[in-house]
Amino acid sequence: MKLGEIDVRLLSMGPFYLDGGSLFGSLPKPAWERKVTADARNRVRLAMNALLVRAGGKTILVDAGAGGQSDAKMREIFGLDEMDPLPGLLAREGVRPEEVDVVINTHLHFDHAGGNTRLENGRMIPSFPRARYFVQRAELANAMKPSERDRASYVATAFTPITESGQWELLDGEGEILPGISVVMIPGHNLTIQAVKICGGGRTVFSFADLFPTRHHLPPAWIAAVDLYPMTTLETKKKFLPLMVREEWIAIFGHDPDMPAATFRERDGKIEAQAVELGR
Ligand SMILES: [Zn+2]
């Protein structure tokens, strides 16, 4: 999809599988199983939705999926071996790894940052040798020193090689990264997660990762159990929803396999999502 001079394409990596209880938090299963079907292990099929953006002669990635380095136990729990890996999706778009100029990680959980790095000769190295990698400075600090509560979400091989190669651009809060491309804080999932806002040609694409993991999370109280600060998620959702409705932003759900991109409209006091085709 073209936003003026900016080209935005979807890189949907999937499937992967997450426990339905983790995905829908305090909601009882009878409420969420009307929307999605769980497998025999109570897991729900999801995707990892990243973006390929071309703007001002630069090639930009927003998030990088899980990559290939997760250990056997994680691969089994989340069904990662079935996933389309990022390098193949990029190749299909005609993008070689050395052509990526910028990677923006919304946060460093393994399902968003794992693709930052890859295995070569038994060693983890940056997947994109020329890229500058943007993340919040406080998120990298959290990732290096996670709590017992979120330790399982971070895999050090997704970010330590970027530190070693000196490829980080560490951000302190909101700001513009390139003309038309900025980051916005969306606390709740954790306190240091950022969304990426892309504006051009009078339209806005808003990639908010885990703020609304799927379209089923549009009602403010549908909040995943993995969120560290669910009451903050609630506030952040209520802050951005009216804006996204009013300005017809194109929202990118971090993990929706069937409707990765959508615009929202309000009907009878409820927000509804309408699919948008971004090209993949
Ligand atoms: Zn996620």
# chains A, B, ... in the order shown; residues from 1 in each chain; ligands from 1
>>> closest_atom_pairs(of="chain A", to="ligand 1", cutoff="9 Å", atoms="only C-alpha atoms and all ligand atoms", output="CSV")
residue,atom,partner,partner_atom_place_in_ligand_line,distance
A:Met48,CA,ligand 1,1 (Zn),7.3
A:Gly65,CA,ligand 1,1 (Zn),8.6
A:His107,CA,ligand 1,1 (Zn),8.5
A:His109,CA,ligand 1,1 (Zn),6.7
A:Phe110,CA,ligand 1,1 (Zn),8.0
A:Asp111,CA,ligand 1,1 (Zn),5.5
A:His112,CA,ligand 1,1 (Zn),6.0
A:His189,CA,ligand 1,1 (Zn),8.9
A:Ala209,CA,ligand 1,1 (Zn),6.0
A:Asp210,CA,ligand 1,1 (Zn),5.1
A:Leu211,CA,ligand 1,1 (Zn),8.9
A:Pro213,CA,ligand 1,1 (Zn),7.0
A:Gly254,CA,ligand 1,1 (Zn),6.2
A:His255,CA,ligand 1,1 (Zn),6.7
>>> residues_around(residues="Trp168 in chain A", least_positions_apart="4", cutoff="12 Å", atoms="only C-alpha atoms", output="JSON, numbers by chain")
{"A": [102, 103, 104, 105, 116, 126, 128, 129, 130, 131, 132, 133, 134, 135, 136, 137, 140, 159, 160, 161, 162, 163, 164]}
>>> closest_atom_pairs(of="range 22-104 of chain A", to="range 192-207 of chain A", cutoff="10 Å", atoms="only C-alpha atoms", output="JSON lines")
{"residue": "A:Asn49", "atom": "CA", "partner": "A:Ser207", "partner_atom": "CA", "distance": 9.1}
{"residue": "A:Ala50", "atom": "CA", "partner": "A:Ser207", "partner_atom": "CA", "distance": 8.5}
{"residue": "A:Leu51", "atom": "CA", "partner": "A:Ser207", "partner_atom": "CA", "distance": 8.3}
{"residue": "A:Val53", "atom": "CA", "partner": "A:Ile198", "partner_atom": "CA", "distance": 9.0}
{"residue": "A:Ala55", "atom": "CA", "partner": "A:Gly200", "partner_atom": "CA", "distance": 9.8}
{"residue": "A:Val62", "atom": "CA", "partner": "A:Val196", "partner_atom": "CA", "distance": 7.5}
{"residue": "A:Asp63", "atom": "CA", "partner": "A:Ser207", "partner_atom": "CA", "distance": 9.5}
{"residue": "A:Ile104", "atom": "CA", "partner": "A:Val196", "partner_atom": "CA", "distance": 8.0}
>>> select_by_dssp(residues="range 96-191 of chain A", states="strand (DSSP E)", output="list in words")
Val102, Val103, Ile104, Thr117, Arg118, Leu119, Glu120, Arg123, Met124, Ile125, Pro126, Arg132, Tyr133, Phe134, Val135, Gln136, Trp168, Glu169, Leu170, Leu171, Gly175, Glu176, Ile177, Leu178, Ile181, Ser182, Val183, Val184 and Met185 of chain A
>>> residues_around(residues="range 17-26 of chain A", least_positions_apart="6", cutoff="9 Å", atoms="only C-alpha atoms", output="list in words")
Trp32, Glu33, Val36, Ala38, Arg41, Asn42, Arg43, Val44, Arg45, Leu46, Ala47, Ile77, Phe78, Gly79, Leu80, Pro213, His217, Ala221, Trp222, Ile223, Ala224, Ala225, Val226 and Asp227 of chain A
>>> residues_around(residues="range 149-155 of chain A", least_positions_apart="5", cutoff="8 Å", atoms="only C-alpha atoms", output="ChimeraX atom specification")
/A:70,108-110,114,143,228
>>> write_last_selection(atoms="N, CA and C atoms", output="PDB file, in the first residue's frame")
ATOM      1  N   SER A  70      15.071 -19.964  18.512  1.00  0.00           N
ATOM      2  CA  SER A  70      14.448 -20.378  19.765  1.00  0.00           C
ATOM      3  C   SER A  70      14.797 -21.841  20.039  1.00  0.00           C
ATOM      4  N   LEU A 108      11.349  -6.112  22.777  1.00  0.00           N
ATOM      5  CA  LEU A 108      12.338  -7.160  22.498  1.00  0.00           C
ATOM      6  C   LEU A 108      11.873  -8.563  22.874  1.00  0.00           C
ATOM      7  N   HIS A 109      10.575  -8.768  23.080  1.00  0.00           N
ATOM      8  CA  HIS A 109      10.092 -10.133  23.296  1.00  0.00           C
ATOM      9  C   HIS A 109      10.477 -10.982  22.082  1.00  0.00           C
ATOM     10  N   PHE A 110      10.675 -12.283  22.327  1.00  0.00           N
ATOM     11  CA  PHE A 110      11.249 -13.137  21.278  1.00  0.00           C
ATOM     12  C   PHE A 110      10.410 -13.161  20.008  1.00  0.00           C
ATOM     13  N   GLY A 114      13.207 -11.826  17.668  1.00  0.00           N
ATOM     14  CA  GLY A 114      14.018 -13.013  17.374  1.00  0.00           C
ATOM     15  C   GLY A 114      14.677 -12.945  15.999  1.00  0.00           C
ATOM     16  N   ALA A 143      15.217  -6.021  29.027  1.00  0.00           N
ATOM     17  CA  ALA A 143      15.484  -7.307  28.379  1.00  0.00           C
ATOM     18  C   ALA A 143      16.736  -7.947  28.968  1.00  0.00           C
ATOM     19  N   LEU A 228       1.942  -7.069  31.530  1.00  0.00           N
ATOM     20  CA  LEU A 228       2.454  -6.849  32.892  1.00  0.00           C
ATOM     21  C   LEU A 228       1.580  -5.853  33.642  1.00  0.00           C
TER      22      LEU A 228
END
>>> select_by_dssp(residues="range 24-153 of chain A", states="alpha helix (DSSP H)", output="PyMOL selection string")
chain A and resi 24+29-32+72-78+86-92+110-113+137-144
>>> write_last_selection(atoms="N, CA and C atoms", output="short mmCIF file (atom, residue, chain, number, x, y, z; two decimals), in the first residue's frame")
data_model
loop_
_atom_site.label_atom_id
_atom_site.label_comp_id
_atom_site.auth_asym_id
_atom_site.auth_seq_id
_atom_site.Cartn_x
_atom_site.Cartn_y
_atom_site.Cartn_z
N PHE A 24 -6.23 -14.36 26.27
CA PHE A 24 -7.46 -13.64 26.62
C PHE A 24 -7.60 -13.31 28.10
N LYS A 29 -13.18 -19.03 29.14
CA LYS A 29 -13.15 -19.65 27.81
C LYS A 29 -14.48 -19.58 27.05
N PRO A 30 -15.62 -19.75 27.74
CA PRO A 30 -16.88 -19.65 26.97
C PRO A 30 -17.03 -18.31 26.24
N ALA A 31 -16.40 -17.25 26.76
CA ALA A 31 -16.49 -15.94 26.09
C ALA A 31 -15.60 -15.91 24.85
N TRP A 32 -14.34 -16.41 24.97
CA TRP A 32 -13.45 -16.26 23.80
C TRP A 32 -13.58 -17.37 22.78
N ALA A 72 14.50 -25.85 21.39
CA ALA A 72 13.56 -26.89 20.98
C ALA A 72 12.27 -26.84 21.80
N LYS A 73 12.39 -26.54 23.09
CA LYS A 73 11.21 -26.51 23.96
C LYS A 73 10.26 -25.39 23.54
N MET A 74 10.82 -24.20 23.28
CA MET A 74 9.98 -23.08 22.84
C MET A 74 9.36 -23.36 21.48
N ARG A 75 10.17 -23.95 20.58
CA ARG A 75 9.64 -24.24 19.24
C ARG A 75 8.46 -25.18 19.33
N GLU A 76 8.55 -26.12 20.25
CA GLU A 76 7.48 -27.10 20.40
C GLU A 76 6.24 -26.45 21.04
N ILE A 77 6.44 -25.69 22.11
CA ILE A 77 5.31 -25.07 22.82
C ILE A 77 4.53 -24.14 21.89
N PHE A 78 5.25 -23.33 21.13
CA PHE A 78 4.60 -22.32 20.29
C PHE A 78 4.42 -22.77 18.83
N LEU A 86 11.28 -15.08 8.31
CA LEU A 86 11.43 -13.73 7.74
C LEU A 86 12.33 -13.69 6.50
N PRO A 87 13.48 -14.36 6.48
CA PRO A 87 14.35 -14.22 5.29
C PRO A 87 13.64 -14.59 3.99
N GLY A 88 12.80 -15.66 4.04
CA GLY A 88 12.07 -16.06 2.84
C GLY A 88 11.05 -15.01 2.42
N LEU A 89 10.37 -14.42 3.41
CA LEU A 89 9.37 -13.39 3.08
C LEU A 89 10.06 -12.17 2.46
N LEU A 90 11.22 -11.81 3.00
CA LEU A 90 11.94 -10.66 2.45
C LEU A 90 12.43 -10.95 1.04
N ALA A 91 12.93 -12.17 0.84
CA ALA A 91 13.42 -12.54 -0.50
C ALA A 91 12.29 -12.45 -1.52
N ARG A 92 11.09 -12.87 -1.09
CA ARG A 92 9.94 -12.80 -1.99
C ARG A 92 9.63 -11.35 -2.37
N PHE A 110 10.67 -12.28 22.33
CA PHE A 110 11.25 -13.14 21.28
C PHE A 110 10.41 -13.16 20.01
N ASP A 111 9.09 -12.94 20.13
CA ASP A 111 8.23 -13.04 18.96
C ASP A 111 8.23 -11.75 18.13
N HIS A 112 8.98 -10.74 18.57
CA HIS A 112 9.11 -9.50 17.81
C HIS A 112 10.56 -9.21 17.42
N ALA A 113 11.49 -9.75 18.19
CA ALA A 113 12.91 -9.41 18.00
C ALA A 113 13.77 -10.61 17.62
N ARG A 137 15.66 2.58 24.96
CA ARG A 137 16.80 2.27 25.82
C ARG A 137 16.34 1.48 27.05
N ALA A 138 15.19 1.88 27.62
CA ALA A 138 14.69 1.23 28.84
C ALA A 138 14.22 -0.20 28.54
N GLU A 139 13.76 -0.44 27.31
CA GLU A 139 13.35 -1.80 26.93
C GLU A 139 14.57 -2.72 26.85
N LEU A 140 15.65 -2.22 26.29
CA LEU A 140 16.87 -3.04 26.24
C LEU A 140 17.36 -3.34 27.66
N ALA A 141 17.28 -2.33 28.54
CA ALA A 141 17.69 -2.55 29.94
C ALA A 141 16.82 -3.63 30.58
N ASN A 142 15.50 -3.57 30.34
CA ASN A 142 14.60 -4.61 30.88
C ASN A 142 14.94 -5.98 30.33
N ALA A 143 15.22 -6.02 29.03
CA ALA A 143 15.48 -7.31 28.38
C ALA A 143 16.74 -7.95 28.97
N MET A 144 17.71 -7.11 29.33
CA MET A 144 18.96 -7.64 29.88
C MET A 144 18.80 -8.05 31.33
#
>>> closest_residue(among="A:Pro97, A:Ala156, A:Val8, A:Tyr229", to="Asp71 in chain A", atoms="only C-alpha atoms")
A:Ala156
>>> atom_distance(atom1="CA of Glu277 in chain A", atom2="CA of Ala261 in chain A")
6.9 Å
>>> residues_around(residues="Glu93 in chain A", least_positions_apart="6", cutoff="10 Å", atoms="only C-alpha atoms", output="PyMOL selection string")
chain A and resi 9+11+52+87+280
>>> write_last_selection(atoms="C-alpha atoms", output="PDB file, in the first residue's frame")
ATOM      1  CA  ARG A   9       3.831  -4.004   2.928  1.00  0.00           C
ATOM      2  CA  LEU A  11       5.209  -9.496   6.309  1.00  0.00           C
ATOM      3  CA  LEU A  52       8.364  -3.772   5.267  1.00  0.00           C
ATOM      4  CA  PRO A  87      14.351 -14.218   5.293  1.00  0.00           C
ATOM      5  CA  ARG A 280       2.011  -9.182   1.451  1.00  0.00           C
TER       6      ARG A 280
END
>>> atom_distance(atom1="CA of Gln274 in chain A", atom2="CA of Lys2 in chain A")
18.4 Å
>>> atom_distance(atom1="CA of Ile60 in chain A", atom2="CA of Val95 in chain A")
10.5 Å
>>> residues_around(residues="Leu241 in chain A", least_positions_apart="6", cutoff="10 Å", atoms="only C-alpha atoms", output="list in words")
Leu218, Pro219, Pro220, Trp249, Phe264, Arg265, Glu266 and Ile271 of chain A
>>> closest_residue(among="A:Gly173, A:Gly94, A:Pro179, A:Pro260", to="Phe212 in chain A", atoms="only C-alpha atoms")
A:Pro260
>>> residues_around(residues="Gly57 in chain A", least_positions_apart="4", cutoff="12 Å", atoms="only C-alpha atoms", output="compact mmCIF listing (two decimals) with C-alpha atoms, in the first residue's frame")
# COMPACT_ATOMS: atom_id res chain seq x y z
CA GLU A 5 5.72 8.37 -1.27
CA ILE A 6 5.93 5.71 1.44
CA ASP A 7 5.37 2.07 0.52
CA VAL A 53 8.48 -0.03 4.63
CA GLU A 99 19.67 -3.85 1.92
CA VAL A 100 17.77 -3.30 5.18
CA ASP A 101 18.74 0.13 6.56
CA VAL A 102 16.56 0.32 9.66
CA LEU A 178 12.72 9.14 9.51
CA PRO A 179 10.43 11.66 7.79
